[in-house]
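Source file my_file.csv; content: CSV, C-alpha atoms and all ligand atoms.
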```csv
chain,number,residue,atom,x,y,z
A,1,MET,CA,59.2,68.5,147.2
A,2,ALA,CA,62.4,70.5,146.6
A,3,PHE,CA,64.2,69.7,143.4
A,4,GLN,CA,67.7,68.4,143.8
A,5,PRO,CA,69.7,68.2,140.6
A,6,VAL,CA,71.7,64.9,140.3
A,7,LYS,CA,75.3,65.4,139.6
A,8,TYR,CA,76.9,62.6,137.7
A,9,TYR,CA,80.7,62.6,138.1
A,10,GLN,CA,81.9,59.1,137.2
A,11,THR,CA,82.4,59.7,133.5
A,12,GLY,CA,85.9,58.4,133.5
A,13,THR,CA,85.2,54.7,133.9
A,14,PHE,CA,85.1,52.0,131.3
A,15,THR,CA,81.6,50.8,132.1
A,16,VAL,CA,78.6,52.8,133.1
A,17,GLY,CA,80.2,56.2,132.9
A,18,ASN,CA,81.1,55.9,129.3
A,19,ARG,CA,77.8,54.4,128.3
A,20,LEU,CA,76.0,57.5,129.7
A,21,LEU,CA,78.0,59.8,127.5
A,22,PRO,CA,77.4,60.7,123.9
A,23,ALA,CA,79.7,58.6,121.7
A,24,GLU,CA,81.9,61.5,120.7
A,25,THR,CA,82.8,62.3,124.4
A,26,ARG,CA,83.5,58.7,125.5
A,27,SER,CA,87.1,57.9,126.4
A,28,VAL,CA,89.7,56.7,123.9
A,29,GLN,CA,90.0,53.5,126.1
A,30,ALA,CA,86.2,52.9,125.6
A,31,ASN,CA,86.7,52.7,121.9
A,32,MET,CA,87.2,49.1,120.6
A,33,ARG,CA,89.5,50.5,117.9
A,34,ARG,CA,91.9,52.1,120.3
A,35,THR,CA,95.5,51.3,119.5
A,36,ASN,CA,96.5,49.3,122.6
A,37,SER,CA,99.9,51.0,122.2
A,38,LEU,CA,101.2,49.3,125.3
A,39,ASN,CA,100.0,45.8,124.6
A,40,SER,CA,99.4,42.8,126.9
A,41,GLY,CA,102.3,40.6,127.7
A,42,HIS,CA,104.5,43.2,129.4
A,43,ARG,CA,105.9,42.4,132.9
A,44,ALA,CA,104.7,45.3,135.1
A,45,CYS,CA,103.6,44.4,138.6
A,46,GLN,CA,99.9,43.8,139.2
A,47,GLY,CA,98.2,47.2,139.7
A,48,CYS,CA,101.1,49.2,138.3
A,49,GLY,CA,99.9,52.8,137.8
A,50,GLU,CA,102.7,53.5,135.4
A,51,ALA,CA,101.6,50.8,132.9
A,52,LEU,CA,98.1,52.2,133.2
A,53,GLY,CA,99.1,55.8,132.8
A,54,ALA,CA,101.3,55.1,129.8
A,55,ARG,CA,98.6,53.1,128.0
A,56,TYR,CA,96.0,55.8,128.5
A,57,ALA,CA,98.4,58.6,127.5
A,58,ILE,CA,100.0,57.0,124.5
A,59,ASP,CA,96.6,55.7,123.2
A,60,ALA,CA,95.2,59.2,123.5
A,61,ALA,CA,98.3,60.6,121.7
A,62,MET,CA,98.0,58.0,118.9
A,63,GLU,CA,94.4,59.0,118.4
A,64,ALA,CA,95.2,62.7,118.4
A,65,THR,CA,98.0,62.3,115.8
A,66,GLY,CA,96.3,59.9,113.5
A,67,ARG,CA,98.8,57.2,114.7
A,68,GLN,CA,101.8,59.2,113.5
A,69,LEU,CA,103.8,59.1,116.7
A,70,VAL,CA,107.4,58.2,117.8
A,71,ALA,CA,108.3,57.8,121.5
A,72,ALA,CA,111.7,58.0,123.2
A,73,ASN,CA,111.7,56.3,126.6
A,74,ALA,CA,114.2,56.8,129.5
A,75,THR,CA,115.5,53.7,131.4
A,76,GLY,CA,113.2,52.8,134.2
A,77,CYS,CA,110.3,50.5,135.0
A,78,LEU,CA,108.3,51.5,132.0
A,79,GLU,CA,111.2,50.6,129.7
A,80,VAL,CA,112.3,47.4,131.5
A,81,PHE,CA,108.9,45.9,131.9
A,82,SER,CA,107.8,46.7,128.4
A,83,THR,CA,110.9,45.8,126.4
A,84,PRO,CA,113.1,42.9,127.6
A,85,TYR,CA,115.2,42.4,124.5
A,86,PRO,CA,114.3,41.0,122.0
A,87,GLU,CA,110.6,41.4,122.9
A,88,THR,CA,108.5,44.5,123.1
A,89,SER,CA,104.9,45.4,124.1
A,90,TRP,CA,104.9,48.7,122.2
A,91,GLN,CA,102.8,49.0,119.1
A,92,ILE,CA,104.5,52.3,118.1
A,93,PRO,CA,108.0,53.3,116.8
A,94,TRP,CA,109.8,53.4,120.2
A,95,ILE,CA,113.4,54.0,121.2
A,96,HIS,CA,115.1,53.3,124.5
A,97,SER,CA,117.4,56.2,125.3
A,98,LEU,CA,119.8,56.3,128.3
A,99,PHE,CA,118.5,56.9,131.7
A,100,GLY,CA,119.2,60.7,131.6
A,101,ASN,CA,119.0,61.8,128.0
A,102,THR,CA,115.5,61.0,126.8
A,103,ALA,CA,114.6,64.7,126.3
A,104,ALA,CA,117.7,65.2,124.2
A,105,VAL,CA,117.0,62.0,122.1
A,106,ALA,CA,113.4,63.2,121.5
A,107,THR,CA,114.7,66.6,120.5
A,108,GLY,CA,117.0,65.0,118.0
A,109,ILE,CA,114.1,63.0,116.5
A,110,ALA,CA,112.0,66.1,116.2
A,111,ALA,CA,114.9,67.9,114.5
A,112,ALA,CA,115.4,65.1,112.0
A,113,LEU,CA,111.7,65.0,111.2
A,114,LYS,CA,111.7,68.8,110.7
A,115,ALA,CA,114.7,68.5,108.3
A,116,LYS,CA,112.8,65.9,106.4
A,117,ASN,CA,109.6,68.1,106.3
A,118,ARG,CA,107.7,65.4,108.1
A,119,ASN,CA,105.4,67.8,110.1
A,120,ASP,CA,102.8,65.0,110.3
A,121,VAL,CA,104.9,62.8,112.7
A,122,ARG,CA,104.9,63.9,116.3
A,123,VAL,CA,107.3,63.1,119.1
A,124,ILE,CA,106.9,62.1,122.7
A,125,ALA,CA,109.5,61.6,125.4
A,126,GLN,CA,108.7,59.7,128.6
A,127,GLY,CA,110.3,58.5,131.8
A,128,GLY,CA,109.9,58.1,135.5
A,129,ASP,CA,110.4,60.7,138.1
A,130,GLY,CA,114.0,59.8,138.7
A,131,GLY,CA,114.8,60.1,135.0
A,132,THR,CA,112.9,63.3,134.8
A,133,THR,CA,113.6,65.3,138.0
A,134,ASP,CA,117.1,64.1,138.7
A,135,ILE,CA,119.4,62.7,136.1
A,136,GLY,CA,117.5,63.9,133.0
A,137,PHE,CA,116.7,67.3,134.4
A,138,GLY,CA,119.4,69.2,132.5
A,139,CYS,CA,118.4,67.8,129.1
A,140,LEU,CA,114.7,68.4,129.9
A,141,SER,CA,115.3,72.1,130.9
A,142,GLY,CA,117.2,72.5,127.6
A,143,MET,CA,114.3,71.0,125.7
A,144,PHE,CA,112.0,73.5,127.4
A,145,GLU,CA,114.3,76.5,126.9
A,146,ARG,CA,114.7,75.8,123.2
A,147,ASN,CA,110.9,75.1,122.9
A,148,ASP,CA,111.6,71.9,121.0
A,149,ASP,CA,108.5,70.3,119.5
A,150,VAL,CA,108.2,67.4,121.9
A,151,LEU,CA,105.6,66.4,124.5
A,152,TYR,CA,107.5,65.1,127.6
A,153,ILE,CA,105.5,62.8,129.9
A,154,CYS,CA,106.7,62.1,133.5
A,155,TYR,CA,105.2,59.1,135.2
A,156,ASP,CA,105.7,60.0,138.8
A,157,ASN,CA,105.7,57.1,141.2
A,158,GLU,CA,107.8,59.1,143.6
A,159,ALA,CA,111.0,57.0,143.7
A,160,TYR,CA,113.5,55.0,141.6
A,161,MET,CA,111.3,51.9,141.5
A,162,ASN,CA,113.1,49.9,138.8
A,163,THR,CA,116.3,49.6,140.8
A,164,GLY,CA,114.7,48.8,144.1
A,165,VAL,CA,112.8,51.9,145.5
A,166,GLN,CA,115.6,54.5,146.1
A,167,ARG,CA,114.6,58.0,146.9
A,168,SER,CA,114.3,60.6,144.1
A,169,SER,CA,113.8,64.4,144.3
A,170,ALA,CA,110.1,63.7,143.8
A,171,THR,CA,109.8,61.4,146.9
A,172,PRO,CA,107.6,63.0,149.5
A,173,GLY,CA,108.7,63.9,153.1
A,174,ALA,CA,108.5,61.0,155.6
A,175,ALA,CA,108.2,58.3,152.9
A,176,ARG,CA,110.2,55.2,153.6
A,177,THR,CA,112.4,54.1,150.7
A,178,THR,CA,115.4,51.8,150.7
A,179,THR,CA,117.7,54.9,151.0
A,180,THR,CA,115.5,56.7,153.5
A,181,PRO,CA,114.6,53.9,156.0
A,182,ALA,CA,112.0,54.4,158.7
A,183,VAL,CA,114.5,54.6,161.6
A,184,GLY,CA,115.9,57.3,163.8
A,185,GLU,CA,114.5,60.5,165.2
A,186,HIS,CA,112.9,61.6,161.8
A,187,PRO,CA,112.2,58.3,160.0
A,188,GLY,CA,111.7,58.2,156.2
A,189,ASN,CA,112.6,60.9,153.6
A,190,PRO,CA,113.7,64.2,155.1
A,191,PHE,CA,111.4,67.1,154.5
A,192,GLY,CA,112.9,69.6,152.1
A,193,GLN,CA,111.9,71.5,149.0
A,194,GLY,CA,112.0,68.5,146.7
A,195,LYS,CA,111.6,69.4,143.1
A,196,ASN,CA,108.2,70.6,141.9
A,197,LEU,CA,108.7,69.8,138.2
A,198,PRO,CA,105.3,71.1,137.0
A,199,GLN,CA,106.1,74.5,138.6
A,200,ILE,CA,109.7,74.4,137.2
A,201,ALA,CA,108.3,73.6,133.7
A,202,MET,CA,105.9,76.5,134.1
A,203,ALA,CA,108.8,78.8,135.0
A,204,HIS,CA,110.2,78.1,131.5
A,205,GLU,CA,106.9,79.5,130.1
A,206,ILE,CA,106.5,76.7,127.7
A,207,PRO,CA,103.2,76.4,125.7
A,208,TYR,CA,101.7,73.7,127.9
A,209,VAL,CA,102.1,72.1,131.3
A,210,ALA,CA,99.6,69.9,133.0
A,211,THR,CA,99.3,67.4,135.9
A,212,ALA,CA,97.0,64.4,135.9
A,213,THR,CA,96.4,61.1,137.7
A,214,VAL,CA,95.3,57.7,136.7
A,215,ALA,CA,92.1,58.2,138.7
A,216,ASP,CA,90.6,60.5,136.1
A,217,LEU,CA,90.8,58.9,132.7
A,218,HIS,CA,88.8,61.6,130.8
A,219,ASP,CA,90.9,64.4,132.3
A,220,LEU,CA,94.2,62.6,131.4
A,221,GLU,CA,93.1,61.9,127.9
A,222,HIS,CA,91.9,65.5,127.5
A,223,LYS,CA,95.3,66.8,128.6
A,224,VAL,CA,97.2,64.6,126.2
A,225,ARG,CA,94.9,65.7,123.4
A,226,SER,CA,95.3,69.4,124.3
A,227,ALA,CA,99.1,69.0,124.4
A,228,MET,CA,99.1,67.3,121.0
A,229,ALA,CA,97.0,70.2,119.5
A,230,LEU,CA,99.9,72.5,120.3
A,231,ARG,CA,103.5,72.7,119.0
A,232,GLY,CA,106.7,73.4,120.9
A,233,ALA,CA,107.8,72.0,124.3
A,234,ARG,CA,105.0,70.6,126.4
A,235,TYR,CA,105.0,68.7,129.7
A,236,ILE,CA,102.5,66.4,131.5
A,237,HIS,CA,103.2,65.1,135.0
A,238,ILE,CA,101.1,62.0,135.8
A,239,LEU,CA,100.9,60.6,139.4
A,240,VAL,CA,101.1,56.8,139.0
A,241,PRO,CA,100.9,54.8,142.3
A,242,CYS,CA,103.3,51.9,142.5
A,243,PRO,CA,102.1,49.0,144.7
A,244,LEU,CA,105.6,47.6,145.1
A,245,GLY,CA,107.3,50.8,146.2
A,246,TRP,CA,104.4,52.4,148.1
A,247,GLY,CA,103.5,49.1,149.9
A,248,SER,CA,99.9,49.4,148.8
A,249,ALA,CA,97.4,46.8,147.6
A,250,ALA,CA,97.3,46.3,143.8
A,251,HIS,CA,93.6,47.0,143.8
A,252,ASP,CA,94.1,50.4,145.5
A,253,THR,CA,96.1,52.1,142.7
A,254,ILE,CA,93.2,54.1,141.3
A,255,ARG,CA,91.8,54.9,144.8
A,256,LEU,CA,95.2,56.2,146.0
A,257,ALA,CA,95.6,58.4,142.9
A,258,ARG,CA,92.1,59.8,143.7
A,259,LEU,CA,92.9,60.4,147.4
A,260,ALA,CA,96.2,62.1,146.5
A,261,HIS,CA,94.0,64.7,144.6
A,262,GLU,CA,91.2,64.8,147.1
A,263,SER,CA,93.5,65.4,150.0
A,264,GLY,CA,95.2,68.3,148.2
A,265,LEU,CA,98.6,66.6,148.2
A,266,PHE,CA,98.6,66.3,144.3
A,267,PRO,CA,97.0,69.3,142.7
A,268,VAL,CA,95.6,68.6,139.2
A,269,PHE,CA,95.8,71.6,136.8
A,270,GLU,CA,96.6,72.9,133.4
A,271,ALA,CA,98.8,75.9,132.5
A,272,LEU,CA,99.4,77.8,129.3
A,273,ARG,CA,102.7,79.7,128.9
A,274,GLY,CA,103.3,79.7,132.7
A,275,GLU,CA,99.8,80.7,133.8
A,276,VAL,CA,97.4,78.2,135.5
A,277,THR,CA,94.3,78.2,133.3
A,278,GLN,CA,92.3,75.3,134.8
A,279,VAL,CA,92.2,73.3,138.1
A,280,SER,CA,90.4,70.1,138.9
A,281,LYS,CA,88.4,71.1,142.0
A,282,ILE,CA,88.3,68.7,145.0
A,283,ARG,CA,84.8,67.3,145.2
A,284,ARG,CA,85.1,65.6,148.6
A,285,ARG,CA,88.0,66.8,150.7
A,286,VAL,CA,89.7,64.1,152.7
A,287,PRO,CA,92.3,64.4,155.5
A,288,VAL,CA,95.8,63.3,154.5
A,289,GLU,CA,95.6,60.3,156.8
A,290,ASP,CA,93.1,58.7,154.3
A,291,TYR,CA,95.8,58.8,151.7
A,292,LEU,CA,98.8,57.9,153.8
A,293,GLN,CA,97.4,55.1,155.9
A,294,PRO,CA,96.9,52.5,153.2
A,295,GLN,CA,100.6,52.8,152.2
A,296,ARG,CA,103.3,50.8,154.1
A,297,ARG,CA,105.9,53.5,153.1
A,298,PHE,CA,104.1,55.7,155.7
A,299,ALA,CA,103.3,52.9,158.2
A,300,HIS,CA,105.8,54.4,160.8
A,301,LEU,CA,103.5,57.5,161.1
A,302,PHE,CA,100.7,55.3,162.4
A,303,GLY,CA,102.4,53.5,165.3
A,304,ASN,CA,101.3,53.6,168.9
A,305,PRO,CA,101.3,56.5,169.5
A,306,PRO,CA,101.0,58.0,166.0
A,307,ASP,CA,103.4,60.6,164.8
A,308,VAL,CA,100.9,63.5,164.9
A,309,ALA,CA,103.5,66.2,164.3
A,310,THR,CA,104.6,64.7,161.0
A,311,ILE,CA,101.0,64.0,159.9
A,312,ALA,CA,100.1,67.6,160.7
A,313,ARG,CA,103.1,68.8,158.7
A,314,ILE,CA,101.9,66.8,155.7
A,315,GLN,CA,98.4,68.1,156.2
A,316,SER,CA,99.7,71.7,156.2
A,317,MET,CA,101.4,71.0,152.8
A,318,ALA,CA,98.1,69.7,151.4
A,319,ASP,CA,96.3,72.8,152.8
A,320,ARG,CA,98.9,75.0,151.1
A,321,ASN,CA,98.3,73.4,147.8
A,322,ILE,CA,94.5,73.9,148.3
A,323,ARG,CA,95.1,77.6,148.9
A,324,ARG,CA,97.7,78.0,146.2
A,325,TYR,CA,95.7,76.4,143.4
A,326,ALA,CA,92.2,77.2,144.8
A,327,LEU,CA,91.3,73.6,144.8
A,328,LEU,CA,88.1,74.0,146.8
A,329,ASP,CA,85.2,76.0,145.4
A,330,GLU,CA,85.1,78.2,148.5
A,331,ALA,CA,88.8,78.9,148.5
A,332,PRO,CA,89.8,82.4,147.2
A,333,ALA,CA,91.4,82.3,143.7
A,401,LIG,C1,123.5,56.6,134.3
A,401,LIG,C2,122.7,55.6,134.9
A,401,LIG,N1,122.7,55.5,136.3
A,401,LIG,C3,121.9,54.6,136.9
A,401,LIG,C4,121.2,53.7,136.1
A,401,LIG,C5,120.4,52.6,136.8
A,401,LIG,N2,119.0,52.9,136.7
A,401,LIG,C6,118.2,52.4,135.8
A,401,LIG,S1,116.6,52.8,136.0
A,401,LIG,C7,116.9,53.6,137.4
A,401,LIG,C8,115.8,54.2,138.2
A,401,LIG,C9,114.6,54.6,137.4
A,401,LIG,O1,113.8,55.4,138.3
A,401,LIG,P1,112.7,56.3,137.7
A,401,LIG,O2,113.2,57.2,136.6
A,401,LIG,O3,112.0,57.0,138.8
A,401,LIG,O4,111.7,55.3,137.0
A,401,LIG,P2,110.8,54.1,137.6
A,401,LIG,O5,111.6,52.9,137.5
A,401,LIG,O6,110.5,54.5,139.0
A,401,LIG,O7,109.6,54.1,136.8
A,401,LIG,C10,118.3,53.6,137.7
A,401,LIG,C11,118.8,54.2,138.9
A,401,LIG,C12,121.3,53.8,134.7
A,401,LIG,N3,120.6,53.0,133.9
A,401,LIG,N4,122.0,54.7,134.1
A,402,LIG,S1,107.8,48.5,140.7
A,402,LIG,FE1,106.1,49.9,140.6
A,402,LIG,S2,106.4,51.1,138.7
A,402,LIG,FE2,107.6,49.3,138.5
A,402,LIG,S3,106.4,47.7,137.5
A,402,LIG,FE3,106.1,47.4,139.7
A,402,LIG,S4,104.3,48.6,140.2
A,402,LIG,FE4,105.0,49.4,138.2
```
Rewritten as structure tokens:
Amino acid sequence: MAFQPVKYYQTGTFTVGNRLLPAETRSVQANMRRTNSLNSGHRACQGCGEALGARYAIDAAMEATGRQLVAANATGCLEVFSTPYPETSWQIPWIHSLFGNTAAVATGIAAALKAKNRNDVRVIAQGGDGGTTDIGFGCLSGMFERNDDVLYICYDNEAYMNTGVQRSSATPGAARTTTTPAVGEHPGNPFGQGKNLPQIAMAHEIPYVATATVADLHDLEHKVRSAMALRGARYIHILVPCPLGWGSAAHDTIRLARLAHESGLFPVFEALRGEVTQVSKIRRRVPVEDYLQPQRRFAHLFGNPPDVATIARIQSMADRNIRRYALLDEAPA
């Protein structure tokens, strides 16, 4: 009988995957002594990808820095649901900046620490896609250009969720938001260039840029650890599905993050000084419909008849990503 090696992929989960791994390679979340940096009691919606992503990322950063970490947080869901004054769910020194200046605030903290010779304390800035790609973009580009010693994490839920699901420059084409309603000849968000922040960060040739999703916990933790092992400006862009804004089921958050990667719509990679050094290959390629259909923000594409032209346009964007990042094994590098 032919021998067929068994591939075991599910090493990111809390349960069986972690137990099959040697103790030193288990996830930070599997460790009972993890910091729980974003503690229970916050007010995120059920199934919020942003809450999940932030806890994974900051717990991993806490472990990597021996718990010597300060975070600056832009206005947005993550700040609002975690810190309704005078309460907070954060278990780390944490400061709420303005909506648009969190990169500048983090830069100031890093400069103050440097002046005090506190090389042991590390700094993170974090915010949503609106705070990052739109209003905070100038401060962030300056932080990159000066190579300030800060890790910036963008939790990308593809719209301004905190204020009621308005479009951002990270909202995908055709998505329905409150400012891009599903009416007219071309319903939903118009197709344009948008802003590809990971690529823009890479153009600054900063030491480290990576993308990740909440579907692959080990990968996300590895990227935070890699970023904290370096100095200078670093950027991680995490796709975090939002059940409220995307019109998806709370229990589909992880599945949608995985489908975003497996369809090619959200390439997962790592780049050092502007060069892509690693990509997460697609294991089981899926058509974009598998990703779009469970989300009510794309429901107008699946009427009777379905909007095949727009779906084909989205598929061609996924195909382009697959070619561009060589996401399939057989694709040319
Ligand atoms: C200068 C300024 N303009 C507008 C606002 C209102 N505001 C607060 S949070 C927010 C949207 C946040 O969106 P995003 O950064 O994508 O984060 P999310 O809530 O989606 O996580 C807006 C418009 C503000 N606080 N300050
Ligand atoms: S609106 Fe979206 S991002 Fe905000 S708390 Fe709810 S699920 Fe999370």
Excluding same-chain residues fewer than 5 positions from stretch 134-147 of chain A, what lies within 12 Å of it counting only C-alpha atoms, as a PyMOL selection string?
chain A and resi 73-76+97-108+110-111+124-129+152-154+158-160+167-171+194-198+200-209+230-235+273-274
At a cut-off of 10 Å and counting all atoms listed in the file, what residues surround ligand LIG 402 (chain A)? Please answer as a ChimeraX atom specification.
/A:42-52,76-82,128,155-165,240-248,250,253
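With only the atoms specified (only C-alpha atoms) counting, those residues at most 7 Å away from (95.7, 72.0, 135.2) are Ala210, Thr211, Val268, Phe269, Glu270, Ala271, Val276, Thr277, Gln278, Val279 and Ser280 of chain A.
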Long-range neighbours of stretch 220-227 of chain A as a ChimeraX atom specification, 6 Å cut-off, only C-alpha atoms, 3 positions minimum in chain
/A:60,64,212,217,230
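Distance annotation: of A:Ile238, A:Ala229, A:Phe302, A:Ala71, the residue with the minimal separation from ligand LIG 401 (chain A) is A:Ile238; atom set is all atoms listed in the file.
The coordinates place atom CA of A:Leu239 at 12.7 Å from atom P1 of ligand LIG 401 (chain A).
Closest approach to ligand LIG 401 (chain A) among A:Arg122, A:Thr177, A:Thr65, A:Lys114 is made by A:Thr177 (distances from all atoms listed in the file).
Between atom CA of A:Gly131 and atom CA of A:Leu69 there is a distance of 21.4 Å.
Using all atoms listed in the file, the shortest contact distance between A:Arg297 and any of A:Gln199, A:Thr213, A:Thr178, A:Gln68 is found at A:Thr178.
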For ligand LIG 401 (chain A), the closest of A:Asn39, A:Asp307, A:Gly188, A:Gly130 counting all atoms listed in the file is A:Gly130
Across A:Pro93, A:Pro181, A:Pro22, A:Gly53, the smallest distance to ligand LIG 401 (chain A), with all atoms listed in the file counted, is shown by A:Gly53
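Our summary of the geometry notes that atom CA of A:Ile311 is positioned 8.9 Å from atom CA of A:Leu292.
The shortest atom-to-atom distance to ligand LIG 401 (chain A), with all atoms listed in the file taken into account, belongs to A:Gln166 out of A:Ser89, A:Ser40, A:Gln166, A:Thr25.
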Take stretch 100-116 of chain A, model N, CA, C and O atoms, and hand the result over as a short mmCIF file (atom, residue, chain, number, x, y, z; two decimals), in the coordinates of the input.
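Writing done, so here's out-v1.cif:
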```cif
data_model
loop_
_atom_site.label_atom_id
_atom_site.label_comp_id
_atom_site.auth_asym_id
_atom_site.auth_seq_id
_atom_site.Cartn_x
_atom_site.Cartn_y
_atom_site.Cartn_z
N GLY A 100 119.31 59.22 131.42
CA GLY A 100 119.20 60.70 131.60
C GLY A 100 119.07 61.52 130.40
O GLY A 100 119.04 62.74 130.52
N ASN A 101 118.96 60.92 129.19
CA ASN A 101 119.00 61.80 128.00
C ASN A 101 117.75 61.68 127.11
O ASN A 101 117.82 62.02 125.94
N THR A 102 116.63 61.21 127.66
CA THR A 102 115.50 61.00 126.80
C THR A 102 114.97 62.26 126.13
O THR A 102 114.54 62.27 124.98
N ALA A 103 115.03 63.38 126.86
CA ALA A 103 114.60 64.70 126.30
C ALA A 103 115.45 65.04 125.11
O ALA A 103 114.97 65.54 124.09
N ALA A 104 116.77 64.80 125.24
CA ALA A 104 117.70 65.20 124.20
C ALA A 104 117.49 64.24 122.95
O ALA A 104 117.53 64.68 121.80
N VAL A 105 117.24 62.95 123.20
CA VAL A 105 117.00 62.00 122.10
C VAL A 105 115.72 62.41 121.35
O VAL A 105 115.68 62.46 120.12
N ALA A 106 114.67 62.75 122.11
CA ALA A 106 113.40 63.20 121.50
C ALA A 106 113.61 64.45 120.68
O ALA A 106 113.08 64.61 119.58
N THR A 107 114.39 65.38 121.22
CA THR A 107 114.70 66.60 120.50
C THR A 107 115.38 66.30 119.17
O THR A 107 115.05 66.90 118.14
N GLY A 108 116.31 65.35 119.20
CA GLY A 108 117.00 65.00 118.00
C GLY A 108 116.05 64.36 116.95
O GLY A 108 116.13 64.66 115.74
N ILE A 109 115.11 63.55 117.42
CA ILE A 109 114.10 63.00 116.50
C ILE A 109 113.27 64.07 115.89
O ILE A 109 113.02 64.09 114.68
N ALA A 110 112.83 65.01 116.74
CA ALA A 110 112.00 66.10 116.20
C ALA A 110 112.78 66.94 115.20
O ALA A 110 112.22 67.35 114.17
N ALA A 111 114.07 67.17 115.46
CA ALA A 111 114.90 67.90 114.50
C ALA A 111 115.03 67.19 113.19
O ALA A 111 114.96 67.79 112.10
N ALA A 112 115.24 65.88 113.26
CA ALA A 112 115.40 65.10 112.00
C ALA A 112 114.08 65.10 111.23
O ALA A 112 114.10 65.24 110.00
N LEU A 113 112.96 65.01 111.93
CA LEU A 113 111.70 65.00 111.20
C LEU A 113 111.46 66.39 110.55
O LEU A 113 110.96 66.47 109.43
N LYS A 114 111.86 67.44 111.25
CA LYS A 114 111.70 68.80 110.70
C LYS A 114 112.58 68.91 109.42
O LYS A 114 112.14 69.43 108.40
N ALA A 115 113.81 68.39 109.50
CA ALA A 115 114.70 68.50 108.30
C ALA A 115 114.13 67.70 107.15
O ALA A 115 114.41 68.04 106.00
N LYS A 116 113.35 66.68 107.44
CA LYS A 116 112.80 65.90 106.40
C LYS A 116 111.36 66.38 105.98
O LYS A 116 110.62 65.71 105.26
#
```
